[in-house]
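Just protein34.cif here, mmCIF, C-alpha atoms, pLDDT in the B column; chains and numbers go by the auth columns:
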```cif
data_data
loop_
_atom_site.group_PDB
_atom_site.id
_atom_site.type_symbol
_atom_site.label_atom_id
_atom_site.label_comp_id
_atom_site.label_asym_id
_atom_site.label_seq_id
_atom_site.Cartn_x
_atom_site.Cartn_y
_atom_site.Cartn_z
_atom_site.B_iso_or_equiv
_atom_site.auth_seq_id
_atom_site.auth_asym_id
ATOM 1 C CA MET A 1 47.924 116.969 91.998 68.00 1471 A
ATOM 2 C CA ARG A 2 49.987 113.745 92.136 74.00 1472 A
ATOM 3 C CA THR A 3 50.351 113.767 88.340 73.00 1473 A
ATOM 4 C CA PHE A 4 51.436 117.387 88.400 63.00 1474 A
ATOM 5 C CA LEU A 5 54.048 116.683 91.104 63.00 1475 A
ATOM 6 C CA THR A 6 55.369 113.659 89.201 68.00 1476 A
ATOM 7 C CA CYS A 7 55.712 115.689 86.002 65.00 1477 A
ATOM 8 C CA ALA A 8 57.353 118.562 87.877 60.00 1478 A
ATOM 9 C CA LEU A 9 59.844 116.184 89.471 62.00 1479 A
ATOM 10 C CA ALA A 10 60.648 114.544 86.121 64.00 1480 A
ATOM 11 C CA LEU A 11 61.138 117.974 84.564 62.00 1481 A
ATOM 12 C CA MET A 12 63.443 119.081 87.394 55.00 1482 A
ATOM 13 C CA LEU A 13 65.643 116.028 86.845 56.00 1483 A
ATOM 14 C CA THR A 14 66.066 116.610 83.107 57.00 1484 A
ATOM 15 C CA GLY A 15 69.149 118.718 83.786 52.00 1485 A
ATOM 16 C CA CYS A 16 71.008 115.865 85.449 52.00 1486 A
ATOM 17 C CA GLY A 17 73.555 113.866 83.542 53.00 1487 A
ATOM 18 C CA THR A 18 76.736 112.034 84.490 55.00 1488 A
ATOM 19 C CA ILE A 19 79.147 109.777 82.704 57.00 1489 A
ATOM 20 C CA PHE A 20 81.183 107.312 84.707 59.00 1490 A
ATOM 21 C CA ALA A 21 83.840 105.754 82.560 63.00 1491 A
ATOM 22 C CA LYS A 22 87.213 104.438 83.592 67.00 1492 A
ATOM 23 C CA PRO A 23 88.985 101.218 82.707 70.00 1493 A
ATOM 24 C CA ASP A 24 88.906 98.325 85.183 79.00 1494 A
ATOM 25 C CA TRP A 25 92.264 97.784 86.813 84.00 1495 A
ATOM 26 C CA PRO A 26 93.589 94.606 85.104 89.00 1496 A
ATOM 27 C CA ALA A 27 94.432 91.381 86.909 91.00 1497 A
ATOM 28 C CA ALA A 28 98.160 90.770 87.370 91.00 1498 A
ATOM 29 C CA PRO A 29 99.815 87.953 85.373 90.00 1499 A
ATOM 30 C CA GLU A 30 99.797 84.595 87.166 88.00 1500 A
ATOM 31 C CA THR A 31 103.596 84.397 87.274 89.00 1501 A
ATOM 32 C CA LEU A 32 103.723 87.556 89.369 91.00 1502 A
ATOM 33 C CA THR A 33 101.173 86.373 91.917 91.00 1503 A
ATOM 34 C CA LYS A 34 103.146 83.268 92.925 91.00 1504 A
ATOM 35 C CA GLU A 35 104.989 83.874 96.189 93.00 1505 A
ATOM 36 C CA CYS A 36 108.756 83.567 96.433 94.00 1506 A
ATOM 37 C CA PRO A 37 109.621 80.210 98.057 94.00 1507 A
ATOM 38 C CA ASP A 38 111.641 79.802 101.260 95.00 1508 A
ATOM 39 C CA LEU A 39 115.417 79.374 100.974 95.00 1509 A
ATOM 40 C CA LYS A 40 116.806 75.837 101.056 95.00 1510 A
ATOM 41 C CA GLN A 41 118.669 74.526 104.072 95.00 1511 A
ATOM 42 C CA VAL A 42 121.970 72.705 103.935 94.00 1512 A
ATOM 43 C CA PRO A 43 121.611 69.002 104.876 95.00 1513 A
ATOM 44 C CA GLU A 44 123.922 67.556 107.543 93.00 1514 A
ATOM 45 C CA THR A 45 127.293 67.029 105.872 92.00 1515 A
ATOM 46 C CA GLU A 46 131.034 67.610 106.145 92.00 1516 A
ATOM 47 C CA LYS A 47 131.424 68.182 102.403 93.00 1517 A
ATOM 48 C CA LEU A 48 131.960 71.724 101.154 94.00 1518 A
ATOM 49 C CA SER A 49 130.558 70.752 97.752 94.00 1519 A
ATOM 50 C CA VAL A 50 127.161 70.031 99.318 94.00 1520 A
ATOM 51 C CA VAL A 51 127.213 73.424 101.039 95.00 1521 A
ATOM 52 C CA VAL A 52 128.182 75.177 97.789 94.00 1522 A
ATOM 53 C CA ASP A 53 125.408 73.297 95.972 94.00 1523 A
ATOM 54 C CA THR A 54 122.768 74.575 98.439 95.00 1524 A
ATOM 55 C CA VAL A 55 124.153 78.097 98.248 95.00 1525 A
ATOM 56 C CA VAL A 56 123.864 77.977 94.436 95.00 1526 A
ATOM 57 C CA ASP A 57 120.226 76.840 94.792 95.00 1527 A
ATOM 58 C CA ASN A 58 119.504 79.732 97.130 96.00 1528 A
ATOM 59 C CA TYR A 59 121.190 82.271 94.868 95.00 1529 A
ATOM 60 C CA ALA A 60 118.968 81.018 92.009 95.00 1530 A
ATOM 61 C CA LEU A 61 115.872 81.429 94.228 96.00 1531 A
ATOM 62 C CA TYR A 62 116.928 84.979 94.988 96.00 1532 A
ATOM 63 C CA HIS A 63 117.421 85.822 91.282 95.00 1533 A
ATOM 64 C CA GLU A 64 114.012 84.375 90.415 95.00 1534 A
ATOM 65 C CA CYS A 65 112.429 86.441 93.176 96.00 1535 A
ATOM 66 C CA GLN A 66 114.335 89.509 91.963 96.00 1536 A
ATOM 67 C CA ALA A 67 112.968 88.943 88.447 95.00 1537 A
ATOM 68 C CA LYS A 68 109.415 88.777 89.861 95.00 1538 A
ATOM 69 C CA VAL A 69 109.819 92.011 91.857 95.00 1539 A
ATOM 70 C CA GLN A 70 111.237 93.762 88.790 95.00 1540 A
ATOM 71 C CA GLY A 71 108.333 92.356 86.800 95.00 1541 A
ATOM 72 C CA TRP A 72 105.824 93.755 89.339 95.00 1542 A
ATOM 73 C CA ASN A 73 107.403 97.201 89.143 96.00 1543 A
ATOM 74 C CA ASP A 74 107.425 97.185 85.337 95.00 1544 A
ATOM 75 C CA TRP A 75 103.842 95.889 85.166 95.00 1545 A
ATOM 76 C CA TYR A 76 102.547 98.491 87.617 95.00 1546 A
ATOM 77 C CA LYS A 77 104.337 101.394 85.873 95.00 1547 A
ATOM 78 C CA GLN A 78 103.016 100.445 82.452 94.00 1548 A
ATOM 79 C CA GLN A 79 99.452 99.808 83.654 93.00 1549 A
ATOM 80 C CA LYS A 80 99.428 103.093 85.556 92.00 1550 A
ATOM 81 C CA ASN A 81 100.461 104.980 82.408 92.00 1551 A
ATOM 82 C CA ILE A 82 97.681 103.312 80.435 90.00 1552 A
ATOM 83 C CA TYR A 83 95.110 103.985 83.183 88.00 1553 A
ATOM 84 C CA GLU A 84 96.079 107.652 83.462 86.00 1554 A
ATOM 85 C CA GLY A 85 96.013 108.038 79.697 83.00 1555 A
ATOM 86 C CA VAL A 86 92.291 107.354 79.647 79.00 1556 A
ATOM 87 C CA LYS A 87 91.285 110.017 82.203 65.00 1557 A
ATOM 88 C CA MET B 1 68.880 114.802 80.548 51.00 933 B
ATOM 89 C CA TRP B 2 68.732 111.286 81.888 61.00 934 B
ATOM 90 C CA LEU B 3 65.294 110.643 80.324 62.00 935 B
ATOM 91 C CA ILE B 4 66.702 111.344 76.876 61.00 936 B
ATOM 92 C CA HIS B 5 69.501 108.758 77.445 65.00 937 B
ATOM 93 C CA LEU B 6 66.858 106.033 77.237 72.00 938 B
ATOM 94 C CA LEU B 7 65.450 107.024 73.837 72.00 939 B
ATOM 95 C CA PRO B 8 66.932 106.045 70.450 77.00 940 B
ATOM 96 C CA ASP B 9 68.440 108.823 68.353 78.00 941 B
ATOM 97 C CA GLY B 10 65.996 108.592 65.439 81.00 942 B
ATOM 98 C CA LEU B 11 62.970 108.942 67.667 83.00 943 B
ATOM 99 C CA LEU B 12 64.502 111.857 69.524 79.00 944 B
ATOM 100 C CA VAL B 13 65.289 113.813 66.331 84.00 945 B
ATOM 101 C CA TRP B 14 61.782 113.269 65.036 86.00 946 B
ATOM 102 C CA PHE B 15 60.120 114.253 68.293 84.00 947 B
ATOM 103 C CA VAL B 16 62.249 117.367 68.873 84.00 948 B
ATOM 104 C CA ASN B 17 61.964 118.711 65.334 88.00 949 B
ATOM 105 C CA VAL B 18 58.216 118.103 65.144 87.00 950 B
ATOM 106 C CA PHE B 19 57.712 119.812 68.471 83.00 951 B
ATOM 107 C CA LEU B 20 59.800 122.837 67.430 87.00 952 B
ATOM 108 C CA LEU B 21 58.119 123.069 64.052 90.00 953 B
ATOM 109 C CA LEU B 22 54.701 122.856 65.682 86.00 954 B
ATOM 110 C CA GLY B 23 55.700 125.614 68.071 86.00 955 B
ATOM 111 C CA ILE B 24 56.900 127.896 65.248 89.00 956 B
ATOM 112 C CA LEU B 25 53.846 127.254 63.085 88.00 957 B
ATOM 113 C CA ALA B 26 51.447 127.630 65.997 85.00 958 B
ATOM 114 C CA THR B 27 53.073 130.919 67.040 85.00 959 B
ATOM 115 C CA LEU B 28 52.889 132.303 63.508 86.00 960 B
ATOM 116 C CA ALA B 29 49.323 131.085 63.086 85.00 961 B
ATOM 117 C CA SER B 30 48.239 132.553 66.404 81.00 962 B
ATOM 118 C CA PHE B 31 49.018 136.049 65.139 78.00 963 B
ATOM 119 C CA PHE B 32 46.677 135.544 62.190 77.00 964 B
ATOM 120 C CA VAL B 33 43.828 134.062 64.223 71.00 965 B
ATOM 121 C CA SER B 34 42.443 137.528 64.801 70.00 966 B
ATOM 122 C CA ALA B 35 41.901 137.847 61.052 72.00 967 B
ATOM 123 C CA ILE B 36 39.251 135.115 61.221 71.00 968 B
ATOM 124 C CA PRO B 37 36.156 136.600 62.946 70.00 969 B
ATOM 125 C CA LEU B 38 34.869 133.333 64.431 70.00 970 B
ATOM 126 C CA LEU B 39 38.250 132.476 65.949 71.00 971 B
ATOM 127 C CA ASP B 40 39.079 135.947 67.232 75.00 972 B
ATOM 128 C CA LYS B 41 37.991 135.108 70.799 77.00 973 B
ATOM 129 C CA TYR B 42 40.588 132.279 70.856 76.00 974 B
ATOM 130 C CA ARG B 43 43.428 134.612 69.918 79.00 975 B
ATOM 131 C CA LEU B 44 44.862 135.021 73.402 82.00 976 B
ATOM 132 C CA PRO B 45 44.686 131.323 74.436 83.00 977 B
ATOM 133 C CA ALA B 46 46.090 130.355 71.013 81.00 978 B
ATOM 134 C CA GLN B 47 49.037 132.732 71.417 83.00 979 B
ATOM 135 C CA PHE B 48 49.601 131.526 74.975 86.00 980 B
ATOM 136 C CA ILE B 49 49.625 127.844 73.990 86.00 981 B
ATOM 137 C CA SER B 50 51.719 128.434 70.904 86.00 982 B
ATOM 138 C CA VAL B 51 54.369 130.375 72.858 86.00 983 B
ATOM 139 C CA ILE B 52 54.527 127.535 75.400 88.00 984 B
ATOM 140 C CA LEU B 53 54.859 125.061 72.533 86.00 985 B
ATOM 141 C CA LEU B 54 57.621 127.171 70.971 88.00 986 B
ATOM 142 C CA ALA B 55 59.469 127.548 74.286 90.00 987 B
ATOM 143 C CA ALA B 56 59.193 123.804 74.926 87.00 988 B
ATOM 144 C CA GLY B 57 60.392 123.087 71.378 87.00 989 B
ATOM 145 C CA VAL B 58 63.437 125.329 71.801 90.00 990 B
ATOM 146 C CA TYR B 59 64.133 123.759 75.216 89.00 991 B
ATOM 147 C CA PHE B 60 63.983 120.230 73.817 86.00 992 B
ATOM 148 C CA LYS B 61 66.066 121.215 70.796 89.00 993 B
ATOM 149 C CA GLY B 62 68.738 122.590 73.106 90.00 994 B
ATOM 150 C CA GLY B 63 68.537 119.499 75.268 85.00 995 B
ATOM 151 C CA TYR B 64 68.878 117.255 72.217 85.00 996 B
ATOM 152 C CA GLU B 65 71.957 119.119 70.986 89.00 997 B
ATOM 153 C CA ILE B 66 73.550 118.698 74.413 88.00 998 B
ATOM 154 C CA GLU B 67 72.569 115.017 74.403 83.00 999 B
ATOM 155 C CA LYS B 68 74.246 114.644 70.989 86.00 1000 B
ATOM 156 C CA THR B 69 77.437 116.183 72.366 90.00 1001 B
ATOM 157 C CA TRP B 70 77.397 113.847 75.375 87.00 1002 B
ATOM 158 C CA ARG B 71 76.763 110.781 73.238 85.00 1003 B
ATOM 159 C CA ALA B 72 79.737 111.736 71.040 90.00 1004 B
ATOM 160 C CA LYS B 73 81.895 112.137 74.169 89.00 1005 B
ATOM 161 C CA VAL B 74 80.733 108.756 75.467 87.00 1006 B
ATOM 162 C CA ALA B 75 81.502 107.108 72.123 89.00 1007 B
ATOM 163 C CA GLU B 76 84.979 108.683 72.127 89.00 1008 B
ATOM 164 C CA LEU B 77 85.583 107.536 75.693 88.00 1009 B
ATOM 165 C CA GLU B 78 84.416 104.008 74.867 88.00 1010 B
ATOM 166 C CA VAL B 79 86.950 103.835 72.045 90.00 1011 B
ATOM 167 C CA LYS B 80 89.684 105.066 74.420 89.00 1012 B
ATOM 168 C CA LEU B 81 88.627 102.461 77.015 89.00 1013 B
ATOM 169 C CA GLU B 82 88.825 99.656 74.474 90.00 1014 B
ATOM 170 C CA VAL B 83 92.274 100.787 73.339 91.00 1015 B
ATOM 171 C CA ALA B 84 93.390 100.955 76.990 90.00 1016 B
ATOM 172 C CA GLN B 85 92.023 97.480 77.753 90.00 1017 B
ATOM 173 C CA ASN B 86 93.825 95.989 74.761 92.00 1018 B
ATOM 174 C CA ALA B 87 97.044 97.785 75.746 93.00 1019 B
ATOM 175 C CA ALA B 88 96.675 96.423 79.313 92.00 1020 B
ATOM 176 C CA LYS B 89 96.302 92.861 77.972 92.00 1021 B
ATOM 177 C CA ASN B 90 99.400 93.319 75.814 94.00 1022 B
ATOM 178 C CA VAL B 91 101.384 94.546 78.829 94.00 1023 B
ATOM 179 C CA ASN B 92 100.341 91.440 80.771 94.00 1024 B
ATOM 180 C CA VAL B 93 101.523 89.152 77.988 94.00 1025 B
ATOM 181 C CA GLN B 94 104.769 91.094 77.522 94.00 1026 B
ATOM 182 C CA VAL B 95 105.658 91.149 81.255 95.00 1027 B
ATOM 183 C CA GLU B 96 104.767 87.479 81.724 94.00 1028 B
ATOM 184 C CA THR B 97 106.952 86.519 78.738 95.00 1029 B
ATOM 185 C CA GLN B 98 109.889 88.554 80.064 95.00 1030 B
ATOM 186 C CA ILE B 99 109.669 86.969 83.518 95.00 1031 B
ATOM 187 C CA VAL B 100 109.361 83.458 82.130 94.00 1032 B
ATOM 188 C CA GLU B 101 112.476 84.082 79.994 96.00 1033 B
ATOM 189 C CA LYS B 102 114.407 85.472 82.989 96.00 1034 B
ATOM 190 C CA ILE B 103 113.447 82.498 85.175 95.00 1035 B
ATOM 191 C CA LYS B 104 114.449 80.083 82.418 96.00 1036 B
ATOM 192 C CA TYR B 105 117.840 81.812 82.239 97.00 1037 B
ATOM 193 C CA VAL B 106 118.287 81.608 86.038 96.00 1038 B
ATOM 194 C CA ASP B 107 117.451 77.899 85.896 96.00 1039 B
ATOM 195 C CA ARG B 108 119.899 77.331 83.057 96.00 1040 B
ATOM 196 C CA VAL B 109 122.728 79.040 84.973 96.00 1041 B
ATOM 197 C CA LYS B 110 121.850 77.085 88.147 96.00 1042 B
ATOM 198 C CA TRP B 111 121.985 73.676 86.455 96.00 1043 B
ATOM 199 C CA LYS B 112 125.193 74.567 84.614 96.00 1044 B
ATOM 200 C CA THR B 113 126.791 75.604 87.928 96.00 1045 B
ATOM 201 C CA LYS B 114 125.629 72.388 89.621 96.00 1046 B
ATOM 202 C CA THR B 115 127.157 70.386 86.799 96.00 1047 B
ATOM 203 C CA VAL B 116 130.471 72.176 87.309 96.00 1048 B
ATOM 204 C CA ILE B 117 130.288 71.533 91.091 95.00 1049 B
ATOM 205 C CA LYS B 118 129.756 67.819 90.385 95.00 1050 B
ATOM 206 C CA GLU B 119 132.801 67.809 88.114 95.00 1051 B
ATOM 207 C CA VAL B 120 135.113 69.372 90.707 94.00 1052 B
ATOM 208 C CA GLU B 121 133.539 68.115 93.969 92.00 1053 B
ATOM 209 C CA LYS B 122 136.520 65.862 94.741 93.00 1054 B
ATOM 210 C CA VAL B 123 138.836 68.868 94.495 92.00 1055 B
ATOM 211 C CA ILE B 124 136.507 71.033 96.626 91.00 1056 B
ATOM 212 C CA ASP B 125 136.051 68.332 99.314 92.00 1057 B
ATOM 213 C CA ALA B 126 139.675 67.207 99.404 92.00 1058 B
ATOM 214 C CA GLU B 127 141.081 70.176 101.333 84.00 1059 B
ATOM 215 C CA CYS B 128 138.083 71.173 103.424 86.00 1060 B
ATOM 216 C CA LYS B 129 135.907 69.666 106.108 90.00 1061 B
ATOM 217 C CA VAL B 130 132.862 71.755 106.970 92.00 1062 B
ATOM 218 C CA ALA B 131 132.251 72.331 110.668 91.00 1063 B
ATOM 219 C CA PRO B 132 128.659 71.697 111.878 91.00 1064 B
ATOM 220 C CA GLU B 133 128.619 75.242 113.260 91.00 1065 B
ATOM 221 C CA ALA B 134 128.907 76.566 109.696 92.00 1066 B
ATOM 222 C CA LEU B 135 125.805 74.599 108.696 92.00 1067 B
ATOM 223 C CA THR B 136 123.876 75.893 111.725 91.00 1068 B
ATOM 224 C CA ILE B 137 124.776 79.493 110.894 91.00 1069 B
ATOM 225 C CA LEU B 138 123.955 79.086 107.189 92.00 1070 B
ATOM 226 C CA ASN B 139 120.605 77.411 107.873 93.00 1071 B
ATOM 227 C CA SER B 140 119.617 80.044 110.444 91.00 1072 B
ATOM 228 C CA ALA B 141 120.376 82.751 107.909 91.00 1073 B
ATOM 229 C CA ALA B 142 118.316 80.887 105.274 92.00 1074 B
ATOM 230 C CA GLN B 143 115.370 80.970 107.684 91.00 1075 B
ATOM 231 C CA ASN B 144 116.045 84.597 108.566 90.00 1076 B
ATOM 232 C CA LYS B 145 116.708 83.657 112.191 90.00 1077 B
ATOM 233 C CA GLU B 146 119.544 84.557 114.527 90.00 1078 B
ATOM 234 C CA PRO B 147 121.949 81.613 114.820 86.00 1079 B
ATOM 235 C CA VAL B 148 121.924 79.619 118.083 85.00 1080 B
ATOM 236 C CA LEU B 149 125.040 77.513 118.521 79.00 1081 B
ATOM 237 C CA THR B 150 124.796 74.528 120.933 74.00 1082 B
ATOM 238 C CA GLY B 151 127.861 72.773 122.325 63.00 1083 B
ATOM 239 C CA GLU B 152 131.355 73.991 122.939 54.00 1084 B
ATOM 240 C CA ILE B 153 132.959 76.281 120.398 51.00 1085 B
ATOM 241 C CA LYS B 154 136.472 74.933 119.773 48.00 1086 B
#
```
In structure tokens, write the structure found in this file.
Amino acid sequence: MRTFLTCALALMLTGCGTIFAKPDWPAAPETLTKECPDLKQVPETEKLSVVVDTVVDNYALYHECQAKVQGWNDWYKQQKNIYEGVK
Amino acid sequence: MWLIHLLPDGLLVWFVNVFLLLGILATLASFFVSAIPLLDKYRLPAQFISVILLAAGVYFKGGYEIEKTWRAKVAELEVKLEVAQNAAKNVNVQVETQIVEKIKYVDRVKWKTKTVIKEVEKVIDAECKVAPEALTILNSAAQNKEPVLTGEIK
């Protein structure tokens, strides 16, 4: 009886079949995962040149951060297109 | 047919075709059993078994054909996956290169600007004395805080 039930169960399952296949979402490039640093502070001074120097540093930090955000957007868009192309 | 997934293709083909052939031959033979006097009493069981064999053979043949279709689909999907994974790696390299180039450019502009500031700092500092309040306001903004001025505003 046990053998019959086992065979019947195996036979009932012969119709089952599934395929799971999708690409793994890739890891982001290391450059993108680094956080944007804090802005620099102006040291105590009376000189305008020192202030301008710090402002230039901070503008550069902003542009680097902007490049990273743009990079994230581009990376995500392209990876999403690739991922959806496989479905 | 998840059981069939586990078996190699060659073995499956052999098994399915032999089973089907056996079923066909047994069914045909069962109709001629009655012609042999000694075997006449086994006619009905022989026909019964041979029809079961034939039905099972057709069932397995159908199952094998479906399995073949699925294996082809899986193979096609695996190729697509590999292409996608390679494309994803290329995107990573391309984006990383672009960002590195942009950051290098930002750095270049920054150091060039600082050099220019150094060259003209005497001119910049000659006419202007920065009030401490300006530094407080700038530094608060850099920290994303509201400025708090201490002391008397002149």
Neighbour list for Leu1531 in chain A as a PyMOL selection string, cut-off 9 Å, only C-alpha atoms, skip fewer than 4 positions in-chain: (chain A and resi 1506-1510+1526-1527+1535-1536) or (chain B and resi 1038)
What are the closest atom pairs, with distances in Å to one decimal, for each residue of chain A lying within 8 Å of chain B, using only C-alpha atoms, rows by chain and rising residue number, as a Markdown table?
```
| residue | atom | partner | partner_atom | distance |
| --- | --- | --- | --- | --- |
| A:Leu1483 | CA | B:Met933 | CA | 7.2 |
| A:Thr1484 | CA | B:Met933 | CA | 4.2 |
| A:Gly1485 | CA | B:Met933 | CA | 5.1 |
| A:Cys1486 | CA | B:Met933 | CA | 5.4 |
| A:Gly1487 | CA | B:Met933 | CA | 5.6 |
| A:Ile1489 | CA | B:Val1006 | CA | 7.5 |
| A:Ala1491 | CA | B:Leu1009 | CA | 7.3 |
| A:Lys1492 | CA | B:Leu1013 | CA | 7.0 |
| A:Pro1493 | CA | B:Leu1013 | CA | 5.8 |
| A:Pro1496 | CA | B:Ala1020 | CA | 6.8 |
| A:Ala1498 | CA | B:Asn1024 | CA | 7.0 |
| A:Pro1499 | CA | B:Asn1024 | CA | 5.8 |
| A:Glu1500 | CA | B:Glu1028 | CA | 7.9 |
| A:Thr1501 | CA | B:Glu1028 | CA | 6.5 |
| A:Leu1502 | CA | B:Glu1028 | CA | 7.7 |
| A:Asp1508 | CA | B:Gln1075 | CA | 7.5 |
| A:Leu1509 | CA | B:Ala1074 | CA | 5.4 |
| A:Lys1510 | CA | B:Ala1074 | CA | 6.8 |
| A:Gln1511 | CA | B:Asn1071 | CA | 5.1 |
| A:Val1512 | CA | B:Asn1071 | CA | 6.3 |
| A:Pro1513 | CA | B:Leu1067 | CA | 8.0 |
| A:Glu1514 | CA | B:Leu1067 | CA | 7.4 |
| A:Thr1515 | CA | B:Val1062 | CA | 7.4 |
| A:Glu1516 | CA | B:Val1062 | CA | 4.6 |
| A:Lys1517 | CA | B:Asp1057 | CA | 5.6 |
| A:Leu1518 | CA | B:Asp1057 | CA | 5.6 |
| A:Ser1519 | CA | B:Glu1053 | CA | 5.5 |
| A:Val1521 | CA | B:Leu1067 | CA | 7.9 |
| A:Val1522 | CA | B:Ile1049 | CA | 7.9 |
| A:Asp1523 | CA | B:Lys1046 | CA | 6.4 |
| A:Val1526 | CA | B:Lys1042 | CA | 6.7 |
| A:Asp1527 | CA | B:Lys1042 | CA | 6.8 |
| A:Ala1530 | CA | B:Val1038 | CA | 6.0 |
| A:His1533 | CA | B:Val1038 | CA | 6.8 |
| A:Glu1534 | CA | B:Ile1035 | CA | 5.6 |
| A:Ala1537 | CA | B:Ile1031 | CA | 6.3 |
| A:Lys1538 | CA | B:Ile1031 | CA | 6.6 |
| A:Gly1541 | CA | B:Val1027 | CA | 6.3 |
| A:Asp1544 | CA | B:Val1027 | CA | 7.5 |
| A:Trp1545 | CA | B:Val1027 | CA | 6.4 |
| A:Gln1548 | CA | B:Val1023 | CA | 7.1 |
| A:Gln1549 | CA | B:Ala1020 | CA | 6.2 |
| A:Ile1552 | CA | B:Ala1016 | CA | 6.0 |
| A:Tyr1553 | CA | B:Ala1016 | CA | 7.1 |
| A:Val1556 | CA | B:Lys1012 | CA | 6.3 |
```
Interatomic distance, CA of Ala967 in chain B to CA of Gly989 in chain B (Å, one decimal): 25.8 Å
Specify the axis-aligned box that encloses all atoms of range 1530-1538 of chain A listed in the file after padding of 4 Å on each side, stating its centre and edge lengths in Å to one decimal as AutoDock Vina command-line options.
```
--center_x 114.2 --center_y 85.3 --center_z 91.7 --size_x 17.6 --size_y 16.5 --size_z 14.5
```
Atomic separation - CA of Phe951 in chain B relative to CA of Val965 in chain B, Å: 20.3 Å
Spatial neighbours of range 977-985 of chain B, 7 Å, all atoms listed in the file, chain gap at least 6 places, as a ChimeraX atom specification: /B:955,958-959,962
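Distance-wise, CA of Asn1528 in chain A and CA of Thr1082 in chain B end up 24.9 Å apart.
Closest approach to Tyr991 in chain B from the set B:Ile1069, B:Lys973, B:Leu1081, B:Leu952 is made by B:Leu952, with distances taken over only C-alpha atoms.
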Expansion of the PyMOL selection byres ((chain B and resi 944) around 12) into residues, as a PyMOL selection string: chain B and resi 935-943+945-951+992-993+995-997+999-1000
Filtering to C-alpha atoms, could you give me those residues as a PDB file, in the frame of the given file?
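Output saved as result-v2.pdb:
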```
ATOM      1  CA  LEU B 935      65.294 110.643  80.324  1.00 62.00           C
ATOM      2  CA  ILE B 936      66.702 111.344  76.876  1.00 61.00           C
ATOM      3  CA  HIS B 937      69.501 108.758  77.445  1.00 65.00           C
ATOM      4  CA  LEU B 938      66.858 106.033  77.237  1.00 72.00           C
ATOM      5  CA  LEU B 939      65.450 107.024  73.837  1.00 72.00           C
ATOM      6  CA  PRO B 940      66.932 106.045  70.450  1.00 77.00           C
ATOM      7  CA  ASP B 941      68.440 108.823  68.353  1.00 78.00           C
ATOM      8  CA  GLY B 942      65.996 108.592  65.439  1.00 81.00           C
ATOM      9  CA  LEU B 943      62.970 108.942  67.667  1.00 83.00           C
ATOM     10  CA  VAL B 945      65.289 113.813  66.331  1.00 84.00           C
ATOM     11  CA  TRP B 946      61.782 113.269  65.036  1.00 86.00           C
ATOM     12  CA  PHE B 947      60.120 114.253  68.293  1.00 84.00           C
ATOM     13  CA  VAL B 948      62.249 117.367  68.873  1.00 84.00           C
ATOM     14  CA  ASN B 949      61.964 118.711  65.334  1.00 88.00           C
ATOM     15  CA  VAL B 950      58.216 118.103  65.144  1.00 87.00           C
ATOM     16  CA  PHE B 951      57.712 119.812  68.471  1.00 83.00           C
ATOM     17  CA  PHE B 992      63.983 120.230  73.817  1.00 86.00           C
ATOM     18  CA  LYS B 993      66.066 121.215  70.796  1.00 89.00           C
ATOM     19  CA  GLY B 995      68.537 119.499  75.268  1.00 85.00           C
ATOM     20  CA  TYR B 996      68.878 117.255  72.217  1.00 85.00           C
ATOM     21  CA  GLU B 997      71.957 119.119  70.986  1.00 89.00           C
ATOM     22  CA  GLU B 999      72.569 115.017  74.403  1.00 83.00           C
ATOM     23  CA  LYS B1000      74.246 114.644  70.989  1.00 86.00           C
TER      24      LYS B1000
END
```
